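Novice: Please find coords.txt (compact mmCIF, C-alpha atoms) on the next line:
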```txt
# COMPACT_ATOMS: atom_id res chain seq x y z
CA MET A 1 -35.23 -5.63 46.91
CA PRO A 2 -37.62 -8.57 47.51
CA ILE A 3 -36.54 -11.99 46.23
CA PHE A 4 -39.40 -12.05 43.71
CA GLY A 5 -38.23 -8.72 42.24
CA ARG A 6 -34.66 -9.96 41.92
CA MET A 7 -35.90 -13.07 40.08
CA ILE A 8 -37.83 -10.93 37.59
CA LEU A 9 -34.74 -8.78 36.89
CA ARG A 10 -32.52 -11.85 36.47
CA THR A 11 -35.01 -13.48 34.07
CA ALA A 12 -35.26 -10.27 32.04
CA PHE A 13 -31.43 -10.04 31.84
CA LEU A 14 -31.14 -13.65 30.66
CA PHE A 15 -33.76 -13.10 27.94
CA PHE A 16 -31.90 -9.94 26.86
CA MET A 17 -28.56 -11.75 26.59
CA ALA A 18 -30.15 -14.62 24.66
CA ALA A 19 -31.57 -12.12 22.18
CA VAL A 20 -28.17 -10.44 21.78
CA LEU A 21 -26.41 -13.75 21.17
CA ALA A 22 -29.09 -14.89 18.73
CA ASN A 23 -28.57 -11.78 16.63
CA ALA A 24 -24.78 -11.71 16.89
CA VAL A 25 -22.73 -12.31 13.74
CA CYS A 26 -20.28 -15.13 14.41
CA ALA A 27 -16.97 -15.79 12.74
CA ILE A 28 -17.42 -18.81 10.49
CA GLU A 29 -14.80 -21.43 9.58
CA TYR A 30 -14.98 -23.40 6.33
CA VAL A 31 -12.90 -26.43 5.32
CA VAL A 32 -11.71 -26.71 1.70
CA PRO A 33 -12.84 -30.12 0.44
CA PRO A 34 -10.70 -32.25 -1.89
CA GLY A 35 -11.44 -31.31 -5.47
CA ASN A 36 -11.65 -28.02 -7.34
CA VAL A 37 -10.20 -25.35 -5.03
CA ALA A 38 -11.16 -22.53 -7.42
CA ASP A 39 -14.84 -23.54 -7.42
CA PHE A 40 -14.86 -23.67 -3.63
CA PHE A 41 -13.54 -20.10 -3.34
CA ALA A 42 -15.88 -18.89 -6.11
CA SER A 43 -18.89 -20.07 -4.10
CA LEU A 44 -17.56 -19.13 -0.67
CA PRO A 45 -20.32 -17.73 1.58
CA LYS A 46 -19.97 -14.08 2.54
CA ASP A 47 -19.82 -14.91 6.25
CA ALA A 48 -16.53 -16.82 5.84
CA THR A 49 -13.67 -15.48 7.94
CA TYR A 50 -11.43 -18.54 8.33
CA ILE A 51 -10.59 -21.09 5.61
CA THR A 52 -8.63 -24.26 6.36
CA PHE A 53 -7.01 -26.76 3.98
CA SER A 54 -7.47 -29.60 6.47
CA ALA A 55 -9.51 -32.18 4.55
CA ALA A 56 -6.52 -33.54 2.60
CA SER A 57 -2.74 -33.48 2.69
CA GLU A 58 -2.53 -32.48 -0.99
CA TYR A 59 -4.68 -30.21 -3.13
CA TYR A 60 -4.62 -29.30 -6.83
CA CYS A 61 -5.99 -26.33 -8.74
CA GLU A 62 -5.70 -25.83 -12.50
CA THR A 63 -6.88 -22.20 -12.57
CA ASP A 64 -6.73 -18.99 -10.52
CA ILE A 65 -8.02 -19.06 -6.95
CA ARG A 66 -10.05 -15.85 -6.79
CA LEU A 67 -10.15 -14.26 -3.35
CA PRO A 68 -13.43 -12.64 -2.30
CA MET A 69 -13.64 -9.16 -0.86
CA ALA A 70 -13.35 -9.48 2.92
CA GLN A 71 -12.53 -7.27 5.88
CA LEU A 72 -10.28 -10.12 7.03
CA LEU A 73 -9.99 -13.58 5.53
CA VAL A 74 -7.57 -16.09 7.07
CA ILE A 75 -6.40 -18.88 4.74
CA ASP A 76 -4.67 -21.61 6.74
CA GLY A 77 -2.79 -24.25 4.74
CA LYS A 78 -2.51 -26.54 7.79
CA GLY A 79 0.77 -27.86 6.41
CA CYS A 80 -0.72 -29.14 3.14
CA LYS A 81 0.77 -29.15 -0.36
CA LEU A 82 -1.06 -27.13 -3.04
CA SER A 83 -0.14 -27.85 -6.68
CA LEU A 84 -1.12 -25.32 -9.35
CA GLY A 85 -1.70 -25.70 -13.07
CA PRO A 86 0.76 -24.00 -15.46
CA ASN A 87 -1.53 -21.03 -16.16
CA SER A 88 -2.68 -20.46 -12.59
CA ASN A 89 -1.89 -17.22 -10.73
CA GLY A 90 -2.55 -18.93 -7.41
CA PHE A 91 -4.34 -16.89 -4.76
CA THR A 92 -5.33 -13.76 -6.65
CA MET A 93 -8.11 -11.35 -7.53
CA VAL A 94 -9.15 -9.20 -10.48
CA VAL A 95 -8.91 -5.42 -10.10
CA VAL A 96 -10.84 -3.62 -12.83
CA ASP A 97 -9.47 -0.11 -12.31
CA GLN A 98 -7.96 2.26 -9.75
CA LYS A 99 -11.37 3.27 -8.42
CA GLU A 100 -12.10 -0.33 -7.50
CA ALA A 101 -8.56 -0.73 -6.16
CA MET A 102 -9.15 2.08 -3.67
CA ARG A 103 -12.29 0.32 -2.41
CA ARG A 104 -10.40 -2.95 -2.13
CA THR A 105 -7.81 -1.50 0.25
CA ALA A 106 -10.39 -2.11 2.98
CA ASN A 107 -9.70 -5.83 2.44
CA ARG A 108 -7.12 -7.85 4.35
CA TYR A 109 -5.85 -11.40 3.92
CA THR A 110 -3.67 -13.74 5.96
CA ILE A 111 -2.20 -16.66 4.00
CA ARG A 112 -0.15 -19.02 6.11
CA ASP A 113 1.30 -22.46 6.85
CA PHE A 114 1.48 -24.10 3.43
CA ALA A 115 4.14 -26.81 3.35
CA MET A 116 4.42 -26.08 -0.38
CA ILE A 117 2.64 -24.18 -3.13
CA GLN A 118 4.06 -25.72 -6.26
CA GLY A 119 3.90 -24.67 -9.91
CA GLY A 120 1.73 -22.06 -11.58
CA ARG A 121 2.68 -18.71 -13.02
CA LYS A 122 2.43 -17.27 -9.50
CA ALA A 123 1.74 -18.76 -6.09
CA ILE A 124 0.27 -15.60 -4.55
CA ASP A 125 -0.79 -12.47 -6.43
CA LEU A 126 -2.20 -9.98 -3.93
CA GLN A 127 -3.55 -6.66 -5.18
CA ALA A 128 -4.96 -3.56 -3.48
CA THR A 129 -4.90 -4.62 0.17
CA LEU A 130 -3.99 -3.03 3.49
CA ASN A 131 -1.99 -4.91 6.14
CA SER A 132 -2.16 -8.37 4.57
CA THR A 133 0.32 -11.07 5.65
CA ILE A 134 1.94 -14.13 4.07
CA THR A 135 3.58 -16.32 6.69
CA ASN A 136 5.40 -19.64 6.95
CA CYS A 137 5.01 -20.87 3.37
CA ARG A 138 7.23 -22.47 0.73
CA MET A 139 6.78 -21.58 -2.95
CA THR A 140 8.39 -23.83 -5.56
CA GLY A 141 8.81 -23.63 -9.32
CA GLN A 142 6.62 -20.68 -10.31
CA THR A 143 7.31 -19.56 -13.89
CA GLU A 144 6.74 -15.80 -13.51
CA VAL A 145 7.06 -14.78 -9.86
CA ALA A 146 6.41 -16.67 -6.63
CA ILE A 147 4.83 -13.76 -4.73
CA ASP A 148 3.61 -10.62 -6.49
CA LEU A 149 2.40 -7.70 -4.35
CA ARG A 150 0.71 -4.82 -6.20
CA PHE A 151 -0.63 -1.85 -4.23
CA CYS A 152 -0.28 -3.85 -1.03
CA LEU A 153 0.10 -1.26 1.69
CA MET A 154 1.78 -2.32 4.94
CA ALA A 155 1.98 -5.95 3.83
CA ARG A 156 4.29 -8.41 5.59
CA VAL A 157 5.93 -11.47 4.04
CA GLN A 158 7.52 -13.48 6.83
CA ASN A 159 9.34 -16.83 7.07
CA VAL A 160 8.79 -17.59 3.40
CA LEU A 161 10.97 -19.88 1.29
CA VAL A 162 11.02 -19.50 -2.49
CA THR A 163 12.73 -22.33 -4.35
CA ASN A 164 13.69 -22.46 -8.04
CA PRO A 165 11.63 -19.60 -9.46
CA ALA A 166 11.96 -19.57 -13.25
CA ARG A 167 12.16 -15.75 -13.20
CA LYS A 168 11.45 -13.75 -10.05
CA GLY A 169 11.21 -14.70 -6.40
CA ILE A 170 9.35 -11.99 -4.44
CA GLN A 171 8.17 -8.77 -6.09
CA VAL A 172 6.80 -5.61 -4.44
CA ARG A 173 5.42 -2.98 -6.83
CA SER A 174 2.71 -0.49 -7.78
CA GLY A 175 -0.55 -1.33 -9.54
CA ASP A 176 -0.76 -1.84 -13.29
CA TRP A 177 -4.53 -1.78 -13.96
CA PRO A 178 -6.34 1.09 -15.74
CA GLY A 179 -5.97 4.34 -13.78
CA ALA A 180 -3.06 3.06 -11.70
CA ASN A 181 0.38 4.63 -11.95
CA THR A 182 3.64 4.76 -10.02
CA HIS A 183 2.33 7.67 -7.91
CA ASN A 184 -1.07 6.43 -6.70
CA SER A 185 -0.81 2.68 -6.07
CA GLN A 186 2.51 1.87 -4.38
CA SER A 187 3.09 -1.00 -1.96
CA ASN A 188 4.38 1.39 0.67
CA HIS A 189 5.80 0.21 4.01
CA THR A 190 5.79 -3.46 3.10
CA VAL A 191 8.16 -5.69 5.10
CA LEU A 192 10.03 -8.78 3.91
CA ASP A 193 11.22 -10.59 7.02
CA GLN A 194 13.34 -13.78 7.14
CA CYS A 195 12.65 -14.75 3.54
CA ARG A 196 14.94 -16.88 1.40
CA VAL A 197 15.04 -17.18 -2.39
CA TYR A 198 16.93 -20.16 -3.81
CA CYS A 199 17.45 -19.21 -7.46
CA SER A 200 17.32 -21.47 -10.50
CA SER A 201 19.67 -21.05 -13.47
CA THR A 202 17.02 -18.94 -15.26
CA SER A 203 16.16 -16.65 -12.32
CA THR A 204 16.33 -12.94 -13.02
CA GLU A 205 15.76 -11.29 -9.63
CA ALA A 206 15.50 -12.90 -6.21
CA PHE A 207 13.87 -9.77 -4.73
CA THR A 208 12.33 -6.90 -6.70
CA VAL A 209 11.04 -3.61 -5.27
CA LEU A 210 9.55 -1.14 -7.77
CA ASN A 211 8.12 2.34 -7.15
CA SER A 212 7.28 1.69 -3.50
CA GLY A 213 8.44 3.68 -0.49
CA GLY A 214 9.35 2.69 3.03
CA VAL A 215 9.89 -0.97 2.11
CA HIS A 216 12.06 -2.83 4.62
CA MET A 217 13.94 -6.10 4.09
CA VAL A 218 15.46 -7.77 7.13
CA ASP A 219 17.26 -11.10 7.72
CA CYS A 220 16.81 -12.32 4.14
CA ILE A 221 18.92 -14.70 2.02
CA SER A 222 19.56 -15.02 -1.71
CA GLU A 223 21.35 -18.13 -2.92
CA GLY A 224 21.26 -21.05 -5.36
CA ALA A 225 22.18 -20.96 -9.04
CA ILE A 226 23.54 -17.88 -10.82
CA ALA A 227 20.93 -15.12 -11.28
CA ASP A 228 20.80 -11.61 -12.73
CA TYR A 229 20.25 -9.77 -9.43
CA ASP A 230 19.74 -10.47 -5.74
CA LEU A 231 17.85 -7.21 -5.26
CA TYR A 232 16.52 -4.98 -8.03
CA LEU A 233 15.44 -1.69 -6.42
CA SER A 234 14.02 0.98 -8.69
CA ALA A 235 11.62 3.93 -8.68
CA SER A 236 12.02 4.66 -12.37
CA ALA A 237 9.33 4.62 -15.04
CA SER A 238 11.91 4.08 -17.79
CA THR A 239 12.83 0.73 -19.27
CA ASP A 240 16.43 1.95 -19.63
CA PRO A 241 18.24 0.79 -16.46
CA ASN A 242 20.68 3.73 -16.70
CA VAL A 243 18.00 6.46 -16.60
CA ALA A 244 17.81 7.96 -13.11
CA ALA A 245 14.58 7.53 -11.14
CA THR A 246 12.42 10.61 -10.62
CA ASN A 247 9.38 9.26 -8.75
CA PRO A 248 8.66 12.07 -6.22
CA VAL A 249 6.59 9.95 -3.82
CA VAL A 250 9.21 7.27 -3.11
CA LYS A 251 11.35 8.43 -0.17
CA SER A 252 13.19 5.48 1.36
CA PHE A 253 14.19 1.82 1.42
CA SER A 254 16.16 -0.22 3.94
CA LEU A 255 17.96 -3.56 3.81
CA SER A 256 19.46 -5.11 6.93
CA ASN A 257 21.33 -8.38 7.56
CA PHE A 258 21.31 -9.71 3.99
CA HIS A 259 23.19 -12.90 3.09
CA VAL A 260 24.25 -13.69 -0.50
CA GLU A 261 25.64 -17.10 -1.37
CA HIS A 262 25.85 -17.47 -5.16
CA ARG A 263 27.14 -15.68 -8.25
CA LEU A 264 25.39 -13.04 -10.30
CA ARG A 265 25.26 -12.19 -14.00
CA LYS A 266 24.61 -8.43 -13.76
CA ALA A 267 24.92 -7.22 -10.14
CA SER A 268 24.05 -8.30 -6.63
CA ILE A 269 22.19 -5.10 -5.69
CA TYR A 270 20.86 -2.62 -8.26
CA VAL A 271 19.81 0.79 -6.88
CA ASN A 272 17.92 3.41 -8.89
CA MET A 273 16.01 5.66 -6.51
CA PRO A 274 15.15 9.38 -6.58
CA ILE A 275 18.10 11.54 -5.61
CA LYS A 276 16.25 12.84 -2.53
CA SER A 277 15.44 9.36 -1.23
CA THR A 278 17.54 7.41 1.25
CA VAL A 279 18.64 3.81 0.76
CA GLU A 280 20.11 1.98 3.76
CA LEU A 281 22.25 -1.07 3.00
CA ASN A 282 23.35 -2.46 6.35
CA ASN A 283 25.26 -5.62 7.31
CA ILE A 284 25.45 -7.40 3.95
CA TYR A 285 27.60 -10.51 3.58
CA TRP A 286 28.64 -11.77 0.16
CA ASN A 287 29.79 -15.30 0.90
CA SER A 288 31.90 -15.84 -2.24
CA PRO A 289 33.28 -13.88 -5.20
CA VAL A 290 30.12 -12.86 -7.05
CA VAL A 291 32.05 -11.90 -10.24
CA ALA A 292 29.46 -9.23 -11.14
CA PRO A 293 29.46 -5.90 -9.22
CA VAL A 294 28.13 -6.16 -5.67
CA ILE A 295 26.34 -2.80 -6.08
CA HIS A 296 25.21 -1.11 -9.28
CA TYR A 297 24.34 2.49 -8.40
CA VAL A 298 22.29 4.71 -10.69
CA SER A 299 20.65 7.24 -8.36
CA GLY A 300 19.64 7.92 -4.75
CA GLN A 301 21.28 8.71 -1.43
CA VAL A 302 22.84 5.34 -0.56
CA ASN A 303 24.26 4.64 2.90
CA VAL A 304 26.37 1.47 3.11
CA SER A 305 27.23 0.44 6.67
CA ASN A 306 28.60 -2.42 8.78
CA ILE A 307 30.14 -4.42 5.96
CA GLY A 308 32.26 -6.78 8.04
CA TRP A 309 33.93 -8.68 5.23
CA TRP A 310 35.09 -7.39 1.86
CA ASN A 311 36.85 -9.24 -0.92
CA PRO A 312 39.37 -6.95 -2.68
CA LEU A 313 37.92 -8.16 -6.00
CA PHE A 314 34.46 -6.78 -5.19
CA ARG A 315 33.36 -3.81 -7.32
CA ILE A 316 30.81 -1.05 -6.91
CA VAL A 317 29.84 0.43 -10.27
CA THR A 318 27.93 3.58 -11.10
CA SER A 319 26.41 4.87 -14.30
CA SER A 320 26.13 8.31 -12.67
CA PRO A 321 29.29 10.47 -12.84
CA ARG A 322 28.35 12.07 -9.49
CA PRO A 323 27.17 9.29 -7.15
CA HIS A 324 25.85 10.00 -3.65
CA LEU A 325 27.39 7.29 -1.47
CA ASN A 326 28.25 7.11 2.23
CA PHE A 327 30.33 4.25 3.65
CA ASP A 328 30.36 3.86 7.44
CA SER A 329 31.90 1.22 9.72
CA CYS A 330 33.00 -0.96 6.82
CA HIS A 331 35.94 -3.31 6.42
CA LYS A 332 39.27 -1.64 5.79
CA ALA A 333 39.56 -3.36 2.40
CA LEU A 334 36.57 -1.38 1.13
CA VAL A 335 38.60 1.60 -0.03
CA ILE A 336 37.26 4.59 -1.96
CA PRO A 337 40.15 7.08 -2.25
CA GLU A 338 39.56 10.82 -2.44
CA LYS A 339 40.87 10.96 -5.99
CA THR A 340 40.35 8.83 -9.08
CA ASP A 341 43.09 7.02 -10.97
CA GLU A 342 44.63 8.34 -14.17
CA THR A 343 41.63 7.22 -16.26
CA GLY A 344 39.26 9.36 -14.22
CA SER A 345 36.76 6.50 -14.04
CA LYS A 346 38.03 4.49 -11.08
CA ALA A 347 38.53 5.19 -7.38
CA GLY A 348 39.44 2.03 -5.53
CA ALA A 349 36.37 -0.24 -5.45
CA LEU A 350 34.23 2.36 -7.24
CA GLU A 351 34.08 2.45 -11.04
CA LEU A 352 32.17 4.62 -13.53
CA ILE A 353 30.56 2.57 -16.31
CA GLY A 354 28.25 3.09 -19.29
CA PRO A 355 28.02 6.16 -21.53
CA SER A 356 29.19 8.44 -18.70
CA ALA A 357 32.53 6.65 -18.59
CA VAL A 358 33.13 7.62 -22.22
CA THR A 359 32.00 11.24 -22.06
CA GLY A 360 32.90 12.25 -18.49
CA LYS A 361 34.89 11.66 -15.33
CA LEU A 362 33.97 10.30 -11.92
CA ASP A 363 33.16 13.14 -9.48
CA LEU A 364 33.70 12.09 -5.84
CA SER A 365 32.26 15.25 -4.26
CA PHE A 366 29.42 13.28 -2.63
CA VAL A 367 31.27 10.08 -1.75
CA ARG A 368 32.31 9.80 1.90
CA THR A 369 33.93 7.17 4.10
CA THR A 370 33.65 7.34 7.90
CA ARG A 371 34.77 5.09 10.77
CA ARG A 372 36.61 2.63 8.57
CA ALA A 373 37.92 -0.38 10.49
CA MET A 374 41.67 -0.33 11.18
```
Translate this file's structure into structure tokens.
Specialist:
Amino acid sequence: MPIFGRMILRTAFLFFMAAVLANAVCAIEYVVPPGNVADFFASLPKDATYITFSAASEYYCETDIRLPMAQLLVIDGKGCKLSLGPNSNGFTMVVVDQKEAMRRTANRYTIRDFAMIQGGRKAIDLQATLNSTITNCRMTGQTEVAIDLRFCLMARVQNVLVTNPARKGIQVRSGDWPGANTHNSQSNHTVLDQCRVYCSSTSTEAFTVLNSGGVHMVDCISEGAIADYDLYLSASASTDPNVAATNPVVKSFSLSNFHVEHRLRKASIYVNMPIKSTVELNNIYWNSPVVAPVIHYVSGQVNVSNIGWWNPLFRIVTSSPRPHLNFDSCHKALVIPEKTDETGSKAGALELIGPSAVTGKLDLSFVRTTRRAM
């Protein structure tokens, strides 16, 4: 091709690329200015994809910080401290009904790198999202719950520290807006990874998982002052903690490498899952005598494995006369004999409690111990 022809083609190509770039939609970064954080988010342009808290080392917000609908919105704390007013729900949104919630599952948020989010009713209240993440943040002194996930599918909470929650630390649950129920708005397949809750004297649950399937907790810690529970796991719609769960869409839960270093008022781990669901409790270490039962079993297929240390004073209690429990590769002190004692309500570390202990006997037909350490 002649030189002149090549020059024409090159010029045409350059004009074409310039036109493409001129019409391209670019990712836009916005910096949160000092002042009213809620107003900034309320007026956030629709092209925003990346928000940074880099204009000040400390921010304050008296009210809720409403998150806009976004295919992906990254909120980077840049190591700042965010203080919330007493009635604030922190980073949150309003879901009108289940129909809107289904539309919102196209939204995704990444909230990360806050040195501290202090105060408020909640620090983060995510609802109706798919694959959102909360990473490398500290939450301190929330009065209701530090992190509340409702209908958050495939969410991940990673490297998060919760300190002195007045009630709950991290909660994973189904939606509670009009049209939502425990069958259609679960936070399925959410992961809590390397999270620690340091309880206050009024804390109820460090970790709470309600009516959500496939949730996985790994490398987490519960410690601090005495609390009601380390983990409250339930798929029941009843307010009576002794009524067995029947939610047919919740199939599994797993907990691995869990460290407990404080005492409890009610139980360390409460389990009330559907009888056809599996609950894996693997490699749990209770650092000191917890006084309350280490496991309170109501329902579910519970597999306890790799318990490397067991205090002979530890108790596992059940309000079901026929518990489904498997113990594998556990310390030799964790003994569940094949027969109950003369009362019919105790078998080694396992004890029947509640109304069933008065009206019936403990049936060990579905309690098994395998590969116990010598």
Novice: Neighbours of Cys199 of chain A within 6 Å (all atoms listed in the file; same-chain residues fewer than 6 positions away dropped), as a PDB file with C-alpha atoms, in the coordinates of the input?
Specialist:
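The resulting file, selection30.pdb, is shown below:
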```
ATOM      1  CA  ASN A 164      13.690 -22.460  -8.040  1.00  0.00           C
ATOM      2  CA  GLY A 224      21.260 -21.050  -5.360  1.00  0.00           C
ATOM      3  CA  ALA A 225      22.180 -20.960  -9.040  1.00  0.00           C
TER       4      ALA A 225
END
```
Novice: I'd like the neighbourhood of Ile307 of chain A as a PDB file with C-alpha atoms, in the coordinates of the input, where a residue qualifies if any of its atoms comes within 6 Å (using all atoms listed in the file), though same-chain residues fewer than 5 positions away should be ignored.
Specialist:
```
ATOM      1  CA  ASN A 283      25.260  -5.620   7.310  1.00  0.00           C
ATOM      2  CA  ILE A 284      25.450  -7.400   3.950  1.00  0.00           C
ATOM      3  CA  CYS A 330      33.000  -0.960   6.820  1.00  0.00           C
ATOM      4  CA  HIS A 331      35.940  -3.310   6.420  1.00  0.00           C
TER       5      HIS A 331
END
```
Novice: With distances taken over all atoms listed in the file, which residue among A:Leu231, A:Ile295, A:Ala128, A:Ile75 lies nearest Val96 of chain A?
Specialist: A:Ala128
Novice: Using all atoms listed in the file, can you tell me which of A:Gln158, A:Gln98, A:Asn303, A:Ser88 comes closest to Ser185 of chain A?
Specialist: A:Gln98
Novice: To one decimal in Å, tell me the separation between atom CA of Val31 of chain A and atom CA of Ala48 of chain A.
Specialist: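 Value for the atom CA of Val31 of chain A-atom CA of Ala48 of chain A distance: 10.3 Å.
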Novice: Atom CA of His296 of chain A and atom CA of Phe327 of chain A, how far apart in Å?
Specialist: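 Pair atom CA of Phe327 of chain A / atom CA of His296 of chain A returns 14.9 Å.
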Novice: Just checking: using only C-alpha atoms, which residue out of A:Val209, A:Leu362, A:Val302, A:Ala267 ends up closest to Glu338 of chain A?
Specialist: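 Residue with the minimum atom-to-atom distance to Glu338 of chain A: A:Leu362.
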Novice: Considering all atoms listed in the file, return as a PyMOL selection string whatever protein or nucleic-acid residues lie within 9 Å of Lys339 of chain A, sequence-local ones (same chain, fewer than 3 positions apart) excluded.
Specialist: chain A and resi 336+344+346-347+363-364
Novice: So how many Å separate atom CA of Arg112 of chain A and atom CA of Asn136 of chain A, to one decimal?
Specialist: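 Result for atom CA of Arg112 of chain A versus atom CA of Asn136 of chain A: 5.6 Å, one decimal.
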Novice: Show me, as a PyMOL selection string, the residues that have an atom within 6 Å of Thr190 of chain A when counting all atoms listed in the file, minus same-chain residues fewer than 3 positions from it.
Specialist: chain A and resi 154-156+215
Novice: Choose the residue, out of A:Glu100, A:Glu261, A:Ala244, A:Val335, that has the smallest atom-to-atom separation from Tyr297 of chain A; count all atoms listed in the file.
Specialist: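 Of the candidates, the smallest distance to Tyr297 of chain A is held by A:Ala244.
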Novice: Report the centre and edge lengths, in Å to one decimal, of an axis-aligned box enclosing every atom of segment 107-121 of chain A listed in the file, padded by 5 Å on each side, as JSON.
Specialist:
```
{"center_x": -2.6, "center_y": -16.3, "center_z": -3.1, "size_x": 24.1, "size_y": 31.0, "size_z": 29.9}
```
Novice: Measuring atom to atom with all atoms listed in the file, identify which of A:Pro68, A:Pro33, A:Pro312, A:Gly169 is nearest to Val290 of chain A.
Specialist: A:Pro312
Novice: Pick out the closest residue to Ser57 of chain A from this set: A:Ser252, A:Thr343, A:Asn188, A:Ser83. Count only C-alpha atoms.
Specialist: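 For Ser57 of chain A, the nearest of the candidates is A:Ser83.
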Novice: Might you pull out every residue within 7 Å of segment 174-179 of chain A, with all atoms listed in the file counted and same-chain residues fewer than 6 positions away left off, and present them as a ChimeraX atom specification?
Specialist: /A:95-98,150-151,185-187,210-212
Novice: How would the residues just chosen look if you wrote them out with C-alpha atoms as an mmCIF file, in the frame of the given file?
Specialist:
```cif
data_model
loop_
_atom_site.group_PDB
_atom_site.id
_atom_site.type_symbol
_atom_site.label_atom_id
_atom_site.label_comp_id
_atom_site.auth_asym_id
_atom_site.auth_seq_id
_atom_site.Cartn_x
_atom_site.Cartn_y
_atom_site.Cartn_z
ATOM 1 C CA VAL A 95 -8.910 -5.420 -10.100
ATOM 2 C CA VAL A 96 -10.840 -3.620 -12.830
ATOM 3 C CA ASP A 97 -9.470 -0.110 -12.310
ATOM 4 C CA GLN A 98 -7.960 2.260 -9.750
ATOM 5 C CA ARG A 150 0.710 -4.820 -6.200
ATOM 6 C CA PHE A 151 -0.630 -1.850 -4.230
ATOM 7 C CA SER A 185 -0.810 2.680 -6.070
ATOM 8 C CA GLN A 186 2.510 1.870 -4.380
ATOM 9 C CA SER A 187 3.090 -1.000 -1.960
ATOM 10 C CA LEU A 210 9.550 -1.140 -7.770
ATOM 11 C CA ASN A 211 8.120 2.340 -7.150
ATOM 12 C CA SER A 212 7.280 1.690 -3.500
#
```
Novice: Identify the residues within 9 Å of coordinate (16.6, 13.0, -1.1) (same frame as the file), considering all atoms listed in the file, and give the answer as a PyMOL selection string.
Specialist: chain A and resi 251-252+274-278+300-301
